[in-house]
Amino acid sequence: MRAAGILLPLSSLPGPYGIGTLGKEARHFIDFLAEAGQSYWQILPIGPTGYGDSPYQSFSAFAANPYFIDPGLLLADGLLEEGEAGAFHWGDDETTVDYGALYQGRHALLKKAVDRLEAVDRLEPEDEGLAAFCAENAFWLEDYALFMALKGENGQKSWLEWPDEVRLREPQALRRAAERLAGPVRYWKGVQYLFHRQWTALKAYAKEKGVAIIGDIPIYVSPDSSDIWAGPELFQLTADRRMAAVAGCPPDAFAADGQLWGNPLYDWDYHYTTGYAWWVRRLAHACTVYDVVRIDHFRGFESYFAIPAGDDTAKNGVWRKGPGMALMRALHKNLPDARIIAEDLGYLTPEVKALLEASGYPGMKVLQFAFDSREAGDYMPHNYVPNSVVYTGTHDNTTTAAWQNDAAEKDVALARAYMACSEQEELVDAFIRTAFASVSDTAIIPMQDWLALPAFARMNTPSKAGGNWQWRMAPGVASSGLAQRIRRLTVLYERTGR
């Protein structure tokens, strides 16, 4: 089934609350997708973000970002009062996310909603929504809520800097902390329930409109997360629960020192003894949240790059074997109906390609890489296979309009020659047409490329410390006229998904 979709992070939706939310603008975008004949809305990870604001460095592999909870819907539910959301400053530019302003005001606003939610819950005990959610998600929610409460008590410091009694999870210390921090723990559970309630309604609305949501999960968890604090046995740690080695990428043509991500590495031998139970549970949870799940850095399952903890660059890293098909078999056995996209970009060896083929999951093709002379790979469209997802670019690429201006002259000339694109024609349009015309079953175009936006709309520059994850779509640009233009191409290239 040939289909198409649009990549737009939740954070990039327009709206009055400083960041995209699950309210009216999200529904408007779903309406736009349906009008445009699109089958998919792809988003970035929705986990709660910390320092650096990266959705790939979340405080939990299971929790959702409270910033995405829509104050307008809370007002409609009676959990906020008129004017309360407007009393906070959410930033000065409606096309840029001001994470500092959100940090200063969002939790104070959500605290009002959670307090009222708890009051309603006490008055109407027959409404078991919150209690049922907490019980169903206790396997991650209990640790996450206590983790966030302890972060607050410790001045938002990393768990590695907490007092040893709670850092090392001494049972008596945890019991005392749970009693001492009962209020904050209830708050963190409450915001997760509010997100769940709004997300469930939005996902149902998308389903009614024939739009499936493609979610995204990072392969690694953040070093400052409840996952590593509550499950140290899952990771390669020292006896003192410090990281022995960290994740990253080796030096290449894009980064002379490589990329030092700093994430903890999995103890794959331990995971094997459990039948990969944690990974099965993580994917099962993701499959309830999303319709399709994109797994970031899939090649790390074949082999992963391990960098000595404490190094300043990735130069001293080494490759180590990952779980390979043993993990894939566990996922197939326990989640036979899971719809997964494998992000197989990066350093691809014959072994990685063999793992992807054996897994049966579709990989990714990126047109910007096809014409980049620094990139070695089979990204030229004549090498594509149907079981793949083609993109003009990803969240880590610049916009295609910017690529046209910034890429090497010979690379741009190759792109124009390959796609028979004249000097008078916009290269962005040729990229989109080529993606749609390819044999890949699915074509996903970033919203920035449909809008032909320049470099200011880039979502992320890998290895750049600040200024990422901030772009927001301007109000009104997802117009009916644009939807009709997209629909015409979607029909022309038989990507209606019907």
# chains A, B, ... in the order shown; residues from 1 in each chain; ligands from 1

call {"tool": "residues_around", "arguments": {"residues": "A:Arg329", "least_positions_apart": "5", "cutoff": "10 Å", "atoms": "only C-alpha atoms", "output": "MDAnalysis selection string"}}
result
chainID A and resid 275:276 324 334:336 358:359

call {"tool": "write_last_selection", "arguments": {"atoms": "N, CA, C and O atoms", "output": "PDB file, in the first residue's frame"}}
result
ATOM      1  N   GLY A 275      14.920 -12.602  28.474  1.00  0.00           N
ATOM      2  CA  GLY A 275      14.130 -12.673  27.248  1.00  0.00           C
ATOM      3  C   GLY A 275      13.814 -11.298  26.699  1.00  0.00           C
ATOM      4  O   GLY A 275      12.811 -11.109  26.011  1.00  0.00           O
ATOM      5  N   TYR A 276      14.692 -10.332  27.021  1.00  0.00           N
ATOM      6  CA  TYR A 276      14.514  -8.944  26.580  1.00  0.00           C
ATOM      7  C   TYR A 276      13.199  -8.362  27.081  1.00  0.00           C
ATOM      8  O   TYR A 276      12.517  -7.604  26.387  1.00  0.00           O
ATOM      9  N   GLY A 324      21.358  -8.140  18.174  1.00  0.00           N
ATOM     10  CA  GLY A 324      21.050  -8.697  16.864  1.00  0.00           C
ATOM     11  C   GLY A 324      19.680  -9.337  16.786  1.00  0.00           C
ATOM     12  O   GLY A 324      18.698  -8.871  17.371  1.00  0.00           O
ATOM     13  N   ASN A 334       6.554 -11.630  20.885  1.00  0.00           N
ATOM     14  CA  ASN A 334       5.669 -11.013  21.863  1.00  0.00           C
ATOM     15  C   ASN A 334       4.787  -9.913  21.287  1.00  0.00           C
ATOM     16  O   ASN A 334       3.729  -9.617  21.852  1.00  0.00           O
ATOM     17  N   LEU A 335       5.232  -9.307  20.175  1.00  0.00           N
ATOM     18  CA  LEU A 335       4.482  -8.201  19.574  1.00  0.00           C
ATOM     19  C   LEU A 335       4.343  -8.442  18.074  1.00  0.00           C
ATOM     20  O   LEU A 335       4.860  -7.673  17.253  1.00  0.00           O
ATOM     21  N   PRO A 336       3.655  -9.502  17.695  1.00  0.00           N
ATOM     22  CA  PRO A 336       3.601  -9.874  16.269  1.00  0.00           C
ATOM     23  C   PRO A 336       2.916  -8.844  15.388  1.00  0.00           C
ATOM     24  O   PRO A 336       3.155  -8.813  14.177  1.00  0.00           O
ATOM     25  N   ALA A 358      16.507  -9.231   7.805  1.00  0.00           N
ATOM     26  CA  ALA A 358      15.986 -10.367   8.573  1.00  0.00           C
ATOM     27  C   ALA A 358      14.851  -9.937   9.504  1.00  0.00           C
ATOM     28  O   ALA A 358      13.928 -10.711   9.773  1.00  0.00           O
ATOM     29  N   SER A 359      14.914  -8.697  10.010  1.00  0.00           N
ATOM     30  CA  SER A 359      13.867  -8.216  10.916  1.00  0.00           C
ATOM     31  C   SER A 359      12.532  -8.034  10.191  1.00  0.00           C
ATOM     32  O   SER A 359      11.468  -8.140  10.804  1.00  0.00           O
TER      33      SER A 359
END

call {"tool": "select_by_dssp", "arguments": {"residues": "stretch 262-495 of chain A", "states": "strand (DSSP E)", "output": "ChimeraX atom specification"}}
result
/A:262-264,292-295,303-308,318-321,340-342,363-366,388-391,442-446

call {"tool": "select_by_dssp", "arguments": {"residues": "stretch 84-262 of chain A", "states": "alpha helix (DSSP H)", "output": "ChimeraX atom specification"}}
result
/A:99-123,129-136,138-153,164-167,171-180,182-208,226-230

call {"tool": "residues_around", "arguments": {"residues": "A:Tyr290", "least_positions_apart": "4", "cutoff": "7 Å", "atoms": "only C-alpha atoms", "output": "ChimeraX atom specification"}}
result
/A:213-215,286

call {"tool": "atom_distance", "arguments": {"atom1": "atom CA of A:Ala478", "atom2": "atom CA of A:Asp92"}}
result
21.9 Å

call {"tool": "residues_around", "arguments": {"residues": "A:Ile295", "least_positions_apart": "6", "cutoff": "7 Å", "atoms": "only C-alpha atoms", "output": "list in words"}}
result
Asp216, Ile217, Pro218, Ile219, Ile341, Ala342 and Glu343 of chain A

call {"tool": "write_last_selection", "arguments": {"atoms": "N, CA, C and O atoms", "output": "PDB file, in the first residue's frame"}}
result
ATOM      1  N   ASP A 216       8.079   8.036  17.804  1.00  0.00           N
ATOM      2  CA  ASP A 216       9.526   7.909  17.695  1.00  0.00           C
ATOM      3  C   ASP A 216      10.079   7.603  19.078  1.00  0.00           C
ATOM      4  O   ASP A 216       9.796   8.326  20.035  1.00  0.00           O
ATOM      5  N   ILE A 217      10.846   6.514  19.200  1.00  0.00           N
ATOM      6  CA  ILE A 217      11.482   6.237  20.489  1.00  0.00           C
ATOM      7  C   ILE A 217      12.994   6.178  20.311  1.00  0.00           C
ATOM      8  O   ILE A 217      13.504   5.545  19.390  1.00  0.00           O
ATOM      9  N   PRO A 218      13.739   6.879  21.151  1.00  0.00           N
ATOM     10  CA  PRO A 218      15.197   6.789  21.098  1.00  0.00           C
ATOM     11  C   PRO A 218      15.657   5.397  21.508  1.00  0.00           C
ATOM     12  O   PRO A 218      15.045   4.763  22.374  1.00  0.00           O
ATOM     13  N   ILE A 219      16.727   4.915  20.892  1.00  0.00           N
ATOM     14  CA  ILE A 219      17.239   3.611  21.302  1.00  0.00           C
ATOM     15  C   ILE A 219      17.769   3.677  22.733  1.00  0.00           C
ATOM     16  O   ILE A 219      17.595   2.746  23.518  1.00  0.00           O
ATOM     17  N   ILE A 341       9.188   1.108  12.211  1.00  0.00           N
ATOM     18  CA  ILE A 341      10.115   1.645  11.214  1.00  0.00           C
ATOM     19  C   ILE A 341      11.496   1.655  11.840  1.00  0.00           C
ATOM     20  O   ILE A 341      11.671   2.139  12.961  1.00  0.00           O
ATOM     21  N   ALA A 342      12.471   1.115  11.126  1.00  0.00           N
ATOM     22  CA  ALA A 342      13.843   1.050  11.635  1.00  0.00           C
ATOM     23  C   ALA A 342      14.650   2.217  11.075  1.00  0.00           C
ATOM     24  O   ALA A 342      14.840   2.307   9.862  1.00  0.00           O
ATOM     25  N   GLU A 343      15.095   3.106  11.955  1.00  0.00           N
ATOM     26  CA  GLU A 343      15.967   4.196  11.517  1.00  0.00           C
ATOM     27  C   GLU A 343      17.366   3.614  11.366  1.00  0.00           C
ATOM     28  O   GLU A 343      18.111   3.486  12.331  1.00  0.00           O
TER      29      GLU A 343
END

call {"tool": "residues_around", "arguments": {"residues": "A:Phe371", "least_positions_apart": "5", "cutoff": "12 Å", "atoms": "only C-alpha atoms", "output": "list of chain:residue names"}}
result
A:Lys365, A:Val366, A:Ala376, A:Gly377, A:Asp378, A:Tyr379, A:Met380, A:Pro381, A:Thr392, A:Gly393, A:Thr400, A:Trp403, A:Gln404, A:Ala407, A:Ala408, A:Glu409, A:Lys410, A:Asp411, A:Val412, A:Ala413, A:Leu414, A:Ala415, A:Arg416, A:Ala417, A:Tyr418, A:Met419, A:Phe431

call {"tool": "write_last_selection", "arguments": {"atoms": "C-alpha atoms", "output": "mmCIF file, in the first residue's frame"}}
result
data_model
loop_
_atom_site.group_PDB
_atom_site.id
_atom_site.type_symbol
_atom_site.label_atom_id
_atom_site.label_comp_id
_atom_site.auth_asym_id
_atom_site.auth_seq_id
_atom_site.Cartn_x
_atom_site.Cartn_y
_atom_site.Cartn_z
ATOM 1 C CA LYS A 365 15.953 6.503 2.749
ATOM 2 C CA VAL A 366 16.947 10.176 2.819
ATOM 3 C CA ALA A 376 28.428 6.585 1.478
ATOM 4 C CA GLY A 377 25.266 4.528 1.054
ATOM 5 C CA ASP A 378 22.504 3.366 -1.238
ATOM 6 C CA TYR A 379 20.308 6.445 -0.902
ATOM 7 C CA MET A 380 19.932 7.000 -4.659
ATOM 8 C CA PRO A 381 16.259 6.339 -5.522
ATOM 9 C CA THR A 392 13.488 14.452 1.701
ATOM 10 C CA GLY A 393 15.260 15.080 5.028
ATOM 11 C CA THR A 400 15.891 21.175 1.622
ATOM 12 C CA TRP A 403 20.503 22.418 1.412
ATOM 13 C CA GLN A 404 20.090 23.804 -2.094
ATOM 14 C CA ALA A 407 25.580 22.067 -0.194
ATOM 15 C CA ALA A 408 28.672 21.688 -2.342
ATOM 16 C CA GLU A 409 28.136 22.987 -5.861
ATOM 17 C CA LYS A 410 28.867 19.589 -7.374
ATOM 18 C CA ASP A 411 26.297 17.942 -5.071
ATOM 19 C CA VAL A 412 23.573 20.395 -6.098
ATOM 20 C CA ALA A 413 24.504 19.885 -9.760
ATOM 21 C CA LEU A 414 24.227 16.104 -9.310
ATOM 22 C CA ALA A 415 20.786 16.488 -7.715
ATOM 23 C CA ARG A 416 19.534 18.665 -10.545
ATOM 24 C CA ALA A 417 20.898 16.333 -13.200
ATOM 25 C CA TYR A 418 19.493 13.200 -11.533
ATOM 26 C CA MET A 419 16.023 14.690 -11.108
ATOM 27 C CA PHE A 431 12.938 16.482 -4.068
#

call {"tool": "residues_around", "arguments": {"residues": "A:Thr313", "least_positions_apart": "5", "cutoff": "9 Å", "atoms": "only C-alpha atoms", "output": "list in words"}}
result
Asp257, Gly258, Gln259, Leu260 and Ile307 of chain A

call {"tool": "closest_atom_pairs", "arguments": {"of": "stretch 189-258 of chain A", "to": "stretch 346-356 of chain A", "cutoff": "12 Å", "atoms": "only C-alpha atoms", "output": "JSON lines"}}
result
{"residue": "A:Gly248", "atom": "CA", "partner": "A:Gly346", "partner_atom": "CA", "distance": 11.4}
{"residue": "A:Cys249", "atom": "CA", "partner": "A:Gly346", "partner_atom": "CA", "distance": 8.6}
{"residue": "A:Pro250", "atom": "CA", "partner": "A:Tyr347", "partner_atom": "CA", "distance": 8.8}
{"residue": "A:Pro251", "atom": "CA", "partner": "A:Tyr347", "partner_atom": "CA", "distance": 10.4}
{"residue": "A:Asp252", "atom": "CA", "partner": "A:Tyr347", "partner_atom": "CA", "distance": 9.1}
{"residue": "A:Ala253", "atom": "CA", "partner": "A:Tyr347", "partner_atom": "CA", "distance": 11.2}
{"residue": "A:Phe254", "atom": "CA", "partner": "A:Gly346", "partner_atom": "CA", "distance": 10.7}
{"residue": "A:Gly258", "atom": "CA", "partner": "A:Gly346", "partner_atom": "CA", "distance": 11.8}

call {"tool": "closest_residue", "arguments": {"among": "A:Gln156, A:Ser225, A:Ser58, A:Asn65", "to": "A:Leu10", "atoms": "only C-alpha atoms"}}
result
A:Asn65

call {"tool": "decode", "arguments": {"residues": "stretch 316-348 of chain A", "atoms": "N, CA and C atoms", "output": "mmCIF file, in the first residue's frame"}}
result
data_model
loop_
_atom_site.group_PDB
_atom_site.id
_atom_site.type_symbol
_atom_site.label_atom_id
_atom_site.label_comp_id
_atom_site.auth_asym_id
_atom_site.auth_seq_id
_atom_site.Cartn_x
_atom_site.Cartn_y
_atom_site.Cartn_z
ATOM 1 N N ASN A 316 38.014 7.801 21.067
ATOM 2 C CA ASN A 316 38.552 6.563 21.657
ATOM 3 C C ASN A 316 37.503 5.457 21.764
ATOM 4 N N GLY A 317 36.360 5.639 21.116
ATOM 5 C CA GLY A 317 35.318 4.623 21.186
ATOM 6 C C GLY A 317 35.663 3.377 20.385
ATOM 7 N N VAL A 318 34.977 2.289 20.713
ATOM 8 C CA VAL A 318 35.159 1.020 20.007
ATOM 9 C C VAL A 318 33.777 0.425 19.706
ATOM 10 N N TRP A 319 33.735 -0.397 18.654
ATOM 11 C CA TRP A 319 32.494 -1.091 18.312
ATOM 12 C C TRP A 319 32.360 -2.371 19.119
ATOM 13 N N ARG A 320 31.152 -2.616 19.649
ATOM 14 C CA ARG A 320 30.859 -3.849 20.368
ATOM 15 C C ARG A 320 29.576 -4.451 19.805
ATOM 16 N N LYS A 321 29.469 -5.753 19.876
ATOM 17 C CA LYS A 321 28.313 -6.453 19.324
ATOM 18 C C LYS A 321 27.053 -6.195 20.152
ATOM 19 N N GLY A 322 25.949 -5.983 19.441
ATOM 20 C CA GLY A 322 24.653 -5.814 20.085
ATOM 21 C C GLY A 322 23.864 -7.112 20.094
ATOM 22 N N PRO A 323 22.579 -7.059 20.437
ATOM 23 C CA PRO A 323 21.768 -8.276 20.579
ATOM 24 C C PRO A 323 21.376 -8.919 19.259
ATOM 25 N N GLY A 324 21.358 -8.140 18.174
ATOM 26 C CA GLY A 324 21.050 -8.697 16.864
ATOM 27 C C GLY A 324 19.680 -9.337 16.786
ATOM 28 N N MET A 325 19.610 -10.473 16.087
ATOM 29 C CA MET A 325 18.326 -11.120 15.829
ATOM 30 C C MET A 325 17.693 -11.715 17.078
ATOM 31 N N ALA A 326 18.467 -11.939 18.132
ATOM 32 C CA ALA A 326 17.865 -12.461 19.362
ATOM 33 C C ALA A 326 16.803 -11.492 19.881
ATOM 34 N N LEU A 327 17.094 -10.195 19.851
ATOM 35 C CA LEU A 327 16.106 -9.198 20.254
ATOM 36 C C LEU A 327 14.958 -9.132 19.255
ATOM 37 N N MET A 328 15.284 -9.189 17.969
ATOM 38 C CA MET A 328 14.222 -9.124 16.964
ATOM 39 C C MET A 328 13.241 -10.285 17.130
ATOM 40 N N ARG A 329 13.774 -11.470 17.407
ATOM 41 C CA ARG A 329 12.891 -12.642 17.594
ATOM 42 C C ARG A 329 11.988 -12.469 18.808
ATOM 43 N N ALA A 330 12.532 -11.868 19.877
ATOM 44 C CA ALA A 330 11.717 -11.624 21.072
ATOM 45 C C ALA A 330 10.593 -10.630 20.772
ATOM 46 N N LEU A 331 10.903 -9.609 19.979
ATOM 47 C CA LEU A 331 9.876 -8.634 19.625
ATOM 48 C C LEU A 331 8.819 -9.254 18.727
ATOM 49 N N HIS A 332 9.250 -10.026 17.737
ATOM 50 C CA HIS A 332 8.287 -10.674 16.838
ATOM 51 C C HIS A 332 7.386 -11.646 17.599
ATOM 52 N N LYS A 333 7.963 -12.376 18.537
ATOM 53 C CA LYS A 333 7.193 -13.363 19.291
ATOM 54 C C LYS A 333 6.146 -12.693 20.186
ATOM 55 N N ASN A 334 6.554 -11.630 20.885
ATOM 56 C CA ASN A 334 5.669 -11.013 21.863
ATOM 57 C C ASN A 334 4.787 -9.913 21.287
ATOM 58 N N LEU A 335 5.232 -9.307 20.175
ATOM 59 C CA LEU A 335 4.482 -8.201 19.574
ATOM 60 C C LEU A 335 4.343 -8.442 18.074
ATOM 61 N N PRO A 336 3.655 -9.502 17.695
ATOM 62 C CA PRO A 336 3.601 -9.874 16.269
ATOM 63 C C PRO A 336 2.916 -8.844 15.388
ATOM 64 N N ASP A 337 2.068 -7.998 15.966
ATOM 65 C CA ASP A 337 1.332 -7.025 15.167
ATOM 66 C C ASP A 337 1.938 -5.625 15.220
ATOM 67 N N ALA A 338 3.076 -5.490 15.880
ATOM 68 C CA ALA A 338 3.696 -4.171 16.009
ATOM 69 C C ALA A 338 4.122 -3.647 14.641
ATOM 70 N N ARG A 339 3.818 -2.389 14.380
ATOM 71 C CA ARG A 339 4.230 -1.728 13.141
ATOM 72 C C ARG A 339 5.433 -0.846 13.470
ATOM 73 N N ILE A 340 6.580 -1.206 12.930
ATOM 74 C CA ILE A 340 7.837 -0.570 13.323
ATOM 75 C C ILE A 340 8.584 -0.074 12.088
ATOM 76 N N ILE A 341 9.188 1.108 12.211
ATOM 77 C CA ILE A 341 10.115 1.645 11.214
ATOM 78 C C ILE A 341 11.496 1.655 11.840
ATOM 79 N N ALA A 342 12.471 1.115 11.126
ATOM 80 C CA ALA A 342 13.843 1.050 11.635
ATOM 81 C C ALA A 342 14.650 2.217 11.075
ATOM 82 N N GLU A 343 15.095 3.106 11.955
ATOM 83 C CA GLU A 343 15.967 4.196 11.517
ATOM 84 C C GLU A 343 17.366 3.614 11.366
ATOM 85 N N ASP A 344 17.694 3.239 10.144
ATOM 86 C CA ASP A 344 18.945 2.530 9.865
ATOM 87 C C ASP A 344 19.982 3.453 9.235
ATOM 88 N N LEU A 345 19.962 4.731 9.584
ATOM 89 C CA LEU A 345 20.909 5.683 9.020
ATOM 90 C C LEU A 345 22.241 5.600 9.762
ATOM 91 N N GLY A 346 23.268 6.188 9.175
ATOM 92 C CA GLY A 346 24.579 6.182 9.811
ATOM 93 C C GLY A 346 25.524 5.204 9.148
ATOM 94 N N TYR A 347 26.448 4.687 9.950
ATOM 95 C CA TYR A 347 27.493 3.792 9.444
ATOM 96 C C TYR A 347 26.893 2.408 9.231
ATOM 97 N N LEU A 348 26.596 2.089 7.967
ATOM 98 C CA LEU A 348 25.897 0.847 7.652
ATOM 99 C C LEU A 348 26.880 -0.189 7.117
#
